[in-house]
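In what follows, a single structure is set out as structure tokens and then discussed.
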Amino acid sequence: MAERQDDAAGLTGLREAIEQGRTALGIELGSTRIKACLVGPGSAPLASGSHDWENQLVDGVWTYSLDAVWSGLRDAVAGLLDDVERQYGVRPTTFGAMGVSAMMHGYLAFGEADELLVPFRTWRNTSTERAAVELTSLFGYNIPLRWSVAHLYQAILDEEPHAPRVRHLTTLAGYVHWRLTGQQVLGVGDASGMFPVDAATTDYDARMLAQFDELVAGRGTDADVAALPAVADLLPRVLPAGADAGALTEEGAALLDPTGTLRPGIPLCPPEGDAGTGMVATNSVAPRTGNVSAGTSIFAMVVLERPLERVHEELDLVTTPAGDLVAMVHCNNGASELGAWAEVFGQFAAALGQPADPGAVFEAFLRSALDGDADGGGLLAYNYLSGEPITHLEAGRPLFTRTPDSRLTLANFARTQVYSAFGTLSLGMRVLAEEQVGLDAMFAHGGMFKTQGVAQRLLAAALGAPVAVGRTAGEGGAWGIAVLAAYRAAAQGAPAPAQDLGAWLAAEVFADAELDVVEPDAGDVAGFTAFLERYSAGLAIERAAVAALRTRETTQEND
């Protein structure tokens, strides 16, 4: 009886928190899912909603339509409001704060009348090699292919008709935030994937801004391009975590909730990228901490104690949401191919008259990897649905191959697919090891880690380091941006919270966090090392496949 009374009192307390707006809403637009997450006191998850979506390859460009952005956001928010009402018997009309996060980088270019000039070019596009190489040489700072400034400069190099008309650029998170609040701002972490940020000023690097303007102005007689505004005027204003980033307008409220239930006036935190929300979700914003986020792409973030000695094309230099320098190993290809094979096995089960829940199929497939040979039985796979800059591939072809003496079993096949998801990441992490970057803890989050003890164990083998997973690992970036919104709410009307982000997370969110830490198994480490040698040698096969096999889109264009 006492336990039931405690449960009832707890439910009443949460209902009151929802009614009084003592909550924070986080929305993240990921590569395959838009998710909304509501947190209450202590940033504990209360409810969620989601919407599945997929990028499209249109005229050789990976993109999402802006109509799909808004229909997906409305569906996710409606699902969250329904979930709150179902669990707590009340439909929220406001929140204490909210925030938007999305996949980083890419190119959203707008003109004088705020019109979109070309379809959204996502991080997945790898058509900016010339621009990235020239800018890296000019700045003495690695500019990856997916960064917004590389897309802008490539458009200038290619003399695209829209380039002289660009009047402001932003990321997907920055775009959604702008439409919700009217504010063209960006969190420093997301901004650092558009243009290099100076960690000392937590703003765009002044030297490099001037160099870019001189580069563009020096393009001969191209008067239209030379008349472009200064690049600093094209970029969103940079804000650190906790800063005032505006409030939800009437127009913004209607965009999210056409029913009119959601009221305007909700304060927003600075919009952030998925890398920044991953750092928050894993409490890895302090120096010598790091995290791995595994989804459609997979990347590792390591917070640095000092700048790196040299420029490395395998590493991005970005920042935490508070502005501290981070080395990022970003791989364009993550768990999508693993999921595709799980779907095939689900179809096979249905063909046998034994249909199964897709989630159960994925978990069974993933778990079978633990029974495989340590090296995957001599099998080899590449998960490259798109190009992979770390291994110098402009395009991708998912690939599976083996030698006649290999051991083809379900367990070995599953382990090889998981190893493939971590292969490029491991190559990039070796560069950090060569720079003698200190790392005390590596945290992991994302859908792969919902299945306890599988991806975590094999990631520990791939990194040769302990990997920790928390109870919120499956919540991912939507929870991370909700926590950042709660951090903004903690300011209570002040320009910014009095406590720095790392201290606040430690005291208010992760003080009682339960972590499952897996040490690398010696046999798994040796097995992954053997796999990685095979993987590195086999890249020649992947390059040949790219050259020999045209995509359907390429075939149609040539026809």
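In the structure tokens, each chain is lettered A, B, ... as it comes, each chain's residues begin at 1, and ligands are numbered from 1 in order of appearance.
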Problem set entry | Selection: 10 Å around stretch 516-523 of chain A, only C-alpha atoms, excl. self and same-chain fewer than 5 positions, as a PyMOL selection string | chain A and resi 373-375+441-443+452-453+456-471+528-529
Can you write just those residues out, C-alpha atoms, as a PDB file, in the first residue's frame?
ATOM      1  CA  ASP A 373      35.100 -15.715 -34.032  1.00  0.00           C
ATOM      2  CA  ALA A 374      37.184 -12.914 -32.562  1.00  0.00           C
ATOM      3  CA  ASP A 375      38.336 -11.782 -36.032  1.00  0.00           C
ATOM      4  CA  ALA A 441      36.868   7.995 -20.152  1.00  0.00           C
ATOM      5  CA  MET A 442      35.025   7.128 -23.368  1.00  0.00           C
ATOM      6  CA  PHE A 443      31.233   7.129 -23.289  1.00  0.00           C
ATOM      7  CA  GLN A 452      23.166  -4.204 -23.728  1.00  0.00           C
ATOM      8  CA  GLY A 453      26.713  -5.520 -23.906  1.00  0.00           C
ATOM      9  CA  GLN A 456      29.709  -1.642 -26.315  1.00  0.00           C
ATOM     10  CA  ARG A 457      31.980  -4.687 -25.975  1.00  0.00           C
ATOM     11  CA  LEU A 458      33.048  -4.631 -29.626  1.00  0.00           C
ATOM     12  CA  LEU A 459      33.622  -0.877 -29.559  1.00  0.00           C
ATOM     13  CA  ALA A 460      35.929  -1.369 -26.560  1.00  0.00           C
ATOM     14  CA  ALA A 461      37.873  -3.839 -28.696  1.00  0.00           C
ATOM     15  CA  ALA A 462      38.006  -1.397 -31.625  1.00  0.00           C
ATOM     16  CA  LEU A 463      39.267   1.448 -29.422  1.00  0.00           C
ATOM     17  CA  GLY A 464      41.403  -0.648 -27.090  1.00  0.00           C
ATOM     18  CA  ALA A 465      39.905   1.360 -24.212  1.00  0.00           C
ATOM     19  CA  PRO A 466      37.074   1.041 -21.657  1.00  0.00           C
ATOM     20  CA  VAL A 467      33.658   2.138 -22.912  1.00  0.00           C
ATOM     21  CA  ALA A 468      30.912   3.370 -20.588  1.00  0.00           C
ATOM     22  CA  VAL A 469      27.196   3.386 -21.381  1.00  0.00           C
ATOM     23  CA  GLY A 470      24.595   5.095 -19.190  1.00  0.00           C
ATOM     24  CA  ARG A 471      20.897   4.475 -18.753  1.00  0.00           C
ATOM     25  CA  PHE A 528      39.633  -6.683 -34.211  1.00  0.00           C
ATOM     26  CA  THR A 529      43.289  -5.898 -34.950  1.00  0.00           C
TER      27      THR A 529
END
Exercise. Mind checking DSSP for stretch 138-200 of chain A and telling me the strand (DSSP E) residues as a PyMOL selection string?
Worked result: chain A and resi 168-170+185-187+197-198
File of the preceding selection, N, CA and C atoms, as an mmCIF file, in the first residue's frame:
data_model
loop_
_atom_site.group_PDB
_atom_site.id
_atom_site.type_symbol
_atom_site.label_atom_id
_atom_site.label_comp_id
_atom_site.auth_asym_id
_atom_site.auth_seq_id
_atom_site.Cartn_x
_atom_site.Cartn_y
_atom_site.Cartn_z
ATOM 1 N N HIS A 168 22.699 34.752 -46.325
ATOM 2 C CA HIS A 168 23.007 34.137 -45.036
ATOM 3 C C HIS A 168 22.995 32.622 -45.161
ATOM 4 N N LEU A 169 23.852 32.015 -44.351
ATOM 5 C CA LEU A 169 24.028 30.561 -44.300
ATOM 6 C C LEU A 169 23.685 30.070 -42.906
ATOM 7 N N THR A 170 23.261 28.812 -42.830
ATOM 8 C CA THR A 170 23.053 28.223 -41.511
ATOM 9 C C THR A 170 23.059 26.708 -41.633
ATOM 10 N N VAL A 185 20.925 32.669 -34.974
ATOM 11 C CA VAL A 185 22.013 32.378 -34.036
ATOM 12 C C VAL A 185 22.350 30.899 -34.117
ATOM 13 N N LEU A 186 23.461 30.525 -33.483
ATOM 14 C CA LEU A 186 23.890 29.129 -33.476
ATOM 15 C C LEU A 186 24.743 28.880 -32.243
ATOM 16 N N GLY A 187 24.556 27.719 -31.648
ATOM 17 C CA GLY A 187 25.429 27.320 -30.554
ATOM 18 C C GLY A 187 26.855 27.163 -31.059
ATOM 19 N N VAL A 197 36.316 28.056 -35.353
ATOM 20 C CA VAL A 197 36.059 28.889 -34.176
ATOM 21 C C VAL A 197 37.333 29.006 -33.355
ATOM 22 N N ASP A 198 37.596 30.187 -32.856
ATOM 23 C CA ASP A 198 38.717 30.438 -31.952
ATOM 24 C C ASP A 198 38.256 30.125 -30.536
#
Exercise. How far is it from atom CA of A:Tyr419 to atom CA of A:Asn291, in Å with one decimal?
Worked result: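 Between atom CA of A:Tyr419 and atom CA of A:Asn291 the gap works out to 17.8 Å.
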Seminar exercise, completed: Pairwise distance, atom CA of A:Leu262 with atom CA of A:Ala173, equals 20.1 Å
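Among the candidates A:Pro264, A:Pro144, A:Pro389, A:Gly49, the one nearest to A:Val311 when counting only C-alpha atoms is A:Pro144.
The coordinates place atom CA of A:Tyr384 at 25.4 Å from atom CA of A:Val326.
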